[in-house]
Structure formats: structure tokens, C-alpha cells
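Structure data (PDB, C-alpha atoms, pLDDT in the B column) from my_file_21.pdb:
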ATOM      1  CA  MET A   1       0.000   0.000   0.000  1.00 61.00           C
ATOM      2  CA  ALA A   2       1.583   3.242  -1.118  1.00 88.00           C
ATOM      3  CA  LYS A   3       1.875   6.030   1.433  1.00 94.00           C
ATOM      4  CA  VAL A   4       1.008   8.808  -1.018  1.00 97.00           C
ATOM      5  CA  CYS A   5      -1.541  11.602  -0.698  1.00 96.00           C
ATOM      6  CA  ASP A   6      -4.181  11.241  -3.436  1.00 96.00           C
ATOM      7  CA  ILE A   7      -4.628  15.039  -3.639  1.00 95.00           C
ATOM      8  CA  CYS A   8      -1.148  16.611  -3.643  1.00 96.00           C
ATOM      9  CA  GLY A   9       1.061  13.551  -4.240  1.00 96.00           C
ATOM     10  CA  LYS A  10       3.067  13.962  -1.042  1.00 96.00           C
ATOM     11  CA  HIS A  11       5.072  10.787  -0.389  1.00 97.00           C
ATOM     12  CA  ALA A  12       7.699   9.396   1.953  1.00 96.00           C
ATOM     13  CA  SER A  13      11.087  11.099   1.911  1.00 96.00           C
ATOM     14  CA  VAL A  14      14.372   9.344   2.592  1.00 97.00           C
ATOM     15  CA  GLY A  15      17.385  10.530   4.544  1.00 97.00           C
ATOM     16  CA  ASN A  16      19.883   9.643   7.212  1.00 98.00           C
ATOM     17  CA  ALA A  17      19.275   9.312  10.935  1.00 97.00           C
ATOM     18  CA  ILE A  18      22.393  10.608  12.640  1.00 97.00           C
ATOM     19  CA  SER A  19      23.185   9.422  16.165  1.00 97.00           C
ATOM     20  CA  HIS A  20      25.147  11.308  18.810  1.00 97.00           C
ATOM     21  CA  ALA A  21      28.254   9.373  17.740  1.00 97.00           C
ATOM     22  CA  HIS A  22      27.524  10.532  14.173  1.00 97.00           C
ATOM     23  CA  ASN A  23      26.632   7.034  12.969  1.00 98.00           C
ATOM     24  CA  THR A  24      24.306   7.240   9.989  1.00 97.00           C
ATOM     25  CA  THR A  25      21.508   4.851   9.085  1.00 98.00           C
ATOM     26  CA  LEU A  26      18.854   5.240   6.408  1.00 98.00           C
ATOM     27  CA  ARG A  27      15.375   6.204   7.559  1.00 97.00           C
ATOM     28  CA  ARG A  28      12.063   7.352   6.075  1.00 97.00           C
ATOM     29  CA  TRP A  29       9.859  10.317   6.960  1.00 97.00           C
ATOM     30  CA  LEU A  30       6.251   9.368   6.251  1.00 97.00           C
ATOM     31  CA  PRO A  31       3.484  11.870   5.453  1.00 97.00           C
ATOM     32  CA  ASN A  32       0.643  12.304   7.938  1.00 97.00           C
ATOM     33  CA  LEU A  33      -2.077  10.529   5.946  1.00 97.00           C
ATOM     34  CA  ARG A  34      -5.729   9.968   6.878  1.00 96.00           C
ATOM     35  CA  HIS A  35      -8.296   7.714   5.210  1.00 96.00           C
ATOM     36  CA  VAL A  36     -11.274   9.926   4.356  1.00 94.00           C
ATOM     37  CA  ARG A  37     -14.661   9.258   2.767  1.00 93.00           C
ATOM     38  CA  ALA A  38     -14.803  12.012   0.168  1.00 93.00           C
ATOM     39  CA  LEU A  39     -16.915  13.025  -2.794  1.00 90.00           C
ATOM     40  CA  VAL A  40     -14.942  12.358  -5.988  1.00 90.00           C
ATOM     41  CA  ASP A  41     -16.763  13.109  -9.251  1.00 90.00           C
ATOM     42  CA  GLY A  42     -20.123  12.850  -7.452  1.00 87.00           C
ATOM     43  CA  GLN A  43     -19.329   9.429  -5.955  1.00 90.00           C
ATOM     44  CA  VAL A  44     -18.305   8.562  -2.410  1.00 91.00           C
ATOM     45  CA  LYS A  45     -14.808   7.037  -2.289  1.00 93.00           C
ATOM     46  CA  ARG A  46     -12.278   6.325   0.415  1.00 95.00           C
ATOM     47  CA  ILE A  47      -9.051   8.156  -0.354  1.00 96.00           C
ATOM     48  CA  LYS A  48      -5.779   8.802   1.451  1.00 96.00           C
ATOM     49  CA  VAL A  49      -5.309  12.500   2.163  1.00 96.00           C
ATOM     50  CA  CYS A  50      -2.521  14.276   4.023  1.00 96.00           C
ATOM     51  CA  THR A  51      -3.580  16.485   6.913  1.00 96.00           C
ATOM     52  CA  LYS A  52      -2.257  19.588   5.163  1.00 96.00           C
ATOM     53  CA  CYS A  53      -4.778  19.081   2.340  1.00 95.00           C
ATOM     54  CA  LEU A  54      -7.564  18.430   4.851  1.00 94.00           C
ATOM     55  CA  LYS A  55      -6.752  21.607   6.741  1.00 95.00           C
ATOM     56  CA  ALA A  56      -6.546  23.642   3.527  1.00 95.00           C
ATOM     57  CA  GLY A  57     -10.052  22.489   2.520  1.00 93.00           C
ATOM     58  CA  LYS A  58      -8.965  20.752  -0.682  1.00 94.00           C
ATOM     59  CA  VAL A  59     -11.216  17.762   0.080  1.00 93.00           C
ATOM     60  CA  MET A  60     -15.031  17.699   0.141  1.00 91.00           C
ATOM     61  CA  LYS A  61     -15.969  15.145   2.789  1.00 90.00           C
ATOM     62  CA  ALA A  62     -18.915  12.865   2.101  1.00 89.00           C
ATOM     63  CA  PRO A  63     -22.030  13.309   4.242  1.00 85.00           C
ATOM     64  CA  HIS A  64     -22.520  10.834   7.059  1.00 78.00           C
ATOM     65  CA  LYS A  65     -24.671   7.819   6.461  1.00 71.00           C
ATOM     66  CA  ALA A  66     -28.237   8.271   7.706  1.00 66.00           C
ATOM     67  CA  ARG A  67     -28.650   6.744  11.127  1.00 58.00           C
ATOM     68  CA  VAL A  68     -32.026   5.302  11.956  1.00 54.00           C
ATOM     69  CA  ARG A  69     -33.052   6.298  15.454  1.00 61.00           C
ATOM     70  CA  PRO A  70     -36.286   5.491  17.206  1.00 62.00           C
ATOM     71  CA  PRO A  71     -38.583   8.482  17.710  1.00 64.00           C
ATOM     72  CA  VAL A  72     -38.209  10.222  21.038  1.00 62.00           C
ATOM     73  CA  GLU A  73     -41.390  10.335  23.091  1.00 64.00           C
ATOM     74  CA  THR A  74     -41.983  13.681  24.711  1.00 60.00           C
ATOM     75  CA  ALA A  75     -43.674  13.594  28.072  1.00 58.00           C
ATOM     76  CA  ILE A  76     -46.120  16.351  28.913  1.00 60.00           C
ATOM     77  CA  ILE A  77     -45.917  17.193  32.593  1.00 59.00           C
ATOM     78  CA  SER A  78     -49.190  18.368  34.049  1.00 62.00           C
ATOM     79  CA  GLY A  79     -49.799  19.591  37.550  1.00 62.00           C
ATOM     80  CA  PRO A  80     -49.070  22.581  39.748  1.00 66.00           C
ATOM     81  CA  ALA A  81     -46.000  24.611  39.019  1.00 63.00           C
ATOM     82  CA  ILE A  82     -43.115  24.334  41.460  1.00 65.00           C
ATOM     83  CA  GLU A  83     -42.337  27.606  43.194  1.00 70.00           C
ATOM     84  CA  MET A  84     -38.699  28.412  43.761  1.00 66.00           C
ATOM     85  CA  PRO A  85     -37.747  29.997  47.103  1.00 70.00           C
ATOM     86  CA  ALA A  86     -36.873  33.664  46.915  1.00 74.00           C
ATOM     87  CA  MET A  87     -33.176  34.494  46.877  1.00 70.00           C
ATOM     88  CA  PRO A  88     -32.021  36.710  49.745  1.00 71.00           C
ATOM     89  CA  THR A  89     -31.035  40.179  48.628  1.00 71.00           C
ATOM     90  CA  THR A  90     -27.733  41.643  49.699  1.00 66.00           C
ATOM     91  CA  SER A  91     -27.812  45.036  51.297  1.00 62.00           C
ATOM     92  CA  ALA A  92     -25.083  47.607  51.615  1.00 58.00           C
ATOM     93  CA  ALA A  93     -25.179  47.230  55.419  1.00 57.00           C
ATOM     94  CA  ALA A  94     -23.932  43.671  55.133  1.00 58.00           C
ATOM     95  CA  PHE A  95     -20.657  44.902  53.616  1.00 58.00           C
ATOM     96  CA  GLU A  96     -19.971  47.742  56.089  1.00 61.00           C
ATOM     97  CA  PRO A  97     -17.627  46.904  58.971  1.00 61.00           C
ATOM     98  CA  ALA A  98     -19.146  46.845  62.426  1.00 59.00           C
ATOM     99  CA  ALA A  99     -18.594  49.962  64.594  1.00 58.00           C
ATOM    100  CA  GLU A 100     -16.959  48.095  67.484  1.00 59.00           C
ATOM    101  CA  MET A 101     -14.527  46.335  65.132  1.00 59.00           C
ATOM    102  CA  THR A 102     -13.111  49.603  63.714  1.00 59.00           C
ATOM    103  CA  SER A 103     -12.220  51.230  67.031  1.00 56.00           C
ATOM    104  CA  ALA A 104      -8.519  51.388  67.841  1.00 59.00           C
ATOM    105  CA  VAL A 105      -7.262  49.842  71.093  1.00 55.00           C
TER     106      VAL A 105
END
Rendering of file as C-alpha cells:
Amino acid sequence: MAKVCDICGKHASVGNAISHAHNTTLRRWLPNLRHVRALVDGQVKRIKVCTKCLKAGKVMKAPHKARVRPPVETAIISGPAIEMPAMPTTSAAAFEPAAEMTSAV
């Protein structure tokens, strides 16, 4: 299976891995490929696309397959409304320091 982007043709590059002791061995740098269901000429196909092409918007992804879900039953709640307790209001007096606390000793 070739590791090549079907959009831009990006492929593996070859070079040397160099160790601390400067020993060289051949290695490959692979492209970051993703398998994507995309619309190609009006048909849905699975293609290999690099993430750079995905991010650039060069690929039109295929719509998701329709999922069949059972209908959701909505329950109608009847009865008296629940009253929420009133929230206490904050007054400016609550934030003022007490008189006996501010006196110097």
C-alpha cells in the first residue's frame, strides 16, 4: 500500500538518521495521511489524504450515512408549578464593617 496523498502527491522522503556518535543509518519520513470518505466526481470514495490538504479544505468530505433512530417520546408534565424559594437580597449594610470592630485599642 503506497503512502502517497491522493490530492497533492506527497510521499515518503528518505534521509539519514544521525546518532550522537555521528553514525548514519537510512530512515524514512512518512506523510501524515488519513483515510477519508470524500466526494470524488459525485461518488463517495475512500481516499488517502494528508492532513495539510484536509486543513486547507482541498477535500469535500462525504455526508454521514443516515442513522435510523427510534422516535423520542416527549412527556407532557401536568400539575401545579413548582415555586422556587426567593433568593435573599444583599444590602449595603452587610458589607460595612461593624462599629466596634473599627475602634482602635
TODO: Calculate how many Å separate atom CA of A:Ala12 from atom CA of A:Thr25, rounding to one decimal.
DONE: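 Spanning atom CA of A:Ala12 to atom CA of A:Thr25 is a straight-line distance of 16.2 Å.
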Task: Counting only C-alpha atoms, the residue of A:Ile18, A:Ile47, A:Ala38, A:Ala86 that sits nearest A:Pro63 - done: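 Selected residue with least distance to A:Pro63: A:Ala38.
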Open item on the list: Could you list, as a list of chain:residue names, every residue within 9 Å of A:Asn32, counting only C-alpha atoms and ignoring same-chain residues fewer than 3 positions away?
Closed with: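 These residues fall inside the cut-off: A:Cys5, A:Val49, A:Cys50, A:Thr51, A:Lys52.
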For C-alpha atoms, I'd like the residues from the last selection saved as a PDB file, in the coordinates of the input.
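The resulting file, out09.pdb, is shown below:
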ATOM      1  CA  CYS A   5      -1.541  11.602  -0.698  1.00 96.00           C
ATOM      2  CA  VAL A  49      -5.309  12.500   2.163  1.00 96.00           C
ATOM      3  CA  CYS A  50      -2.521  14.276   4.023  1.00 96.00           C
ATOM      4  CA  THR A  51      -3.580  16.485   6.913  1.00 96.00           C
ATOM      5  CA  LYS A  52      -2.257  19.588   5.163  1.00 96.00           C
TER       6      LYS A  52
END
TODO: Go ahead and compute the interatomic distance for atom CA of A:Arg37 and atom CA of A:Cys8, in Å to one decimal.
DONE: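 Straight-line distance from atom CA of A:Arg37 to atom CA of A:Cys8 works out to 16.7 Å.
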Task: A:Gly15 environment, 10 Å, all atoms listed in the file, sequence neighbours closer than 6 positions dropped, as number ranges by chain - done: A: 24-29
Task: Nearest residue to A:Ala2 from the set A:Lys48, A:Val36, A:Asn16, A:Leu54 (distances using all atoms listed in the file) - done: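 That would be A:Lys48, the residue with the smallest distance to A:Ala2.
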Task: A:Leu39, A:Met87, A:Ala62, A:Leu30 ranked by distance to A:Lys3, top pick (using all atoms listed in the file) - done: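 Of A:Leu39, A:Met87, A:Ala62, A:Leu30, the one nearest A:Lys3 is A:Leu30, counting all atoms listed in the file.
We find atom CA of A:Cys53 and atom CA of A:Asp6 to be spaced 9.8 Å apart.
Of the residues under consideration (A:Ile7, A:Val14, A:Pro85, A:Ala56), A:Ile7 shows the shortest atom-to-atom contact distance to A:Val40 when counting only C-alpha atoms.
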Write a file for stretch 28-42 of chain A, containing N, CA and C atoms (output as a CSV table (one decimal), in the first residue's frame).
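So the final result, stored in decode-v8.csv, reads:
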chain,number,residue,atom,x,y,z
A,28,ARG,N,13.1,6.8,6.9
A,28,ARG,CA,12.1,7.4,6.1
A,28,ARG,C,11.2,8.3,6.9
A,29,TRP,N,10.8,9.4,6.3
A,29,TRP,CA,9.9,10.3,7.0
A,29,TRP,C,8.6,10.1,6.2
A,30,LEU,N,7.5,9.7,6.9
A,30,LEU,CA,6.3,9.4,6.3
A,30,LEU,C,5.3,10.6,6.4
A,31,PRO,N,4.5,10.8,5.4
A,31,PRO,CA,3.5,11.9,5.5
A,31,PRO,C,2.4,11.5,6.4
A,32,ASN,N,1.7,12.5,7.0
A,32,ASN,CA,0.6,12.3,7.9
A,32,ASN,C,-0.6,12.1,7.1
A,33,LEU,N,-0.9,10.8,6.8
A,33,LEU,CA,-2.1,10.5,5.9
A,33,LEU,C,-3.3,10.1,6.8
A,34,ARG,N,-4.5,10.4,6.3
A,34,ARG,CA,-5.7,10.0,6.9
A,34,ARG,C,-6.6,9.4,5.8
A,35,HIS,N,-7.3,8.3,6.1
A,35,HIS,CA,-8.3,7.7,5.2
A,35,HIS,C,-9.6,8.5,5.4
A,36,VAL,N,-10.1,9.0,4.3
A,36,VAL,CA,-11.3,9.9,4.4
A,36,VAL,C,-12.3,9.5,3.3
A,37,ARG,N,-13.6,9.5,3.7
A,37,ARG,CA,-14.7,9.3,2.8
A,37,ARG,C,-14.9,10.6,2.1
A,38,ALA,N,-14.7,10.7,0.8
A,38,ALA,CA,-14.8,12.0,0.2
A,38,ALA,C,-15.6,11.9,-1.1
A,39,LEU,N,-16.2,13.0,-1.5
A,39,LEU,CA,-16.9,13.0,-2.8
A,39,LEU,C,-15.9,13.2,-3.9
A,40,VAL,N,-15.8,12.3,-4.8
A,40,VAL,CA,-14.9,12.4,-6.0
A,40,VAL,C,-15.8,12.1,-7.2
A,41,ASP,N,-15.9,13.2,-8.0
A,41,ASP,CA,-16.8,13.1,-9.3
A,41,ASP,C,-18.2,12.7,-8.9
A,42,GLY,N,-18.7,13.2,-7.8
A,42,GLY,CA,-20.1,12.8,-7.5
A,42,GLY,C,-20.3,11.5,-6.8
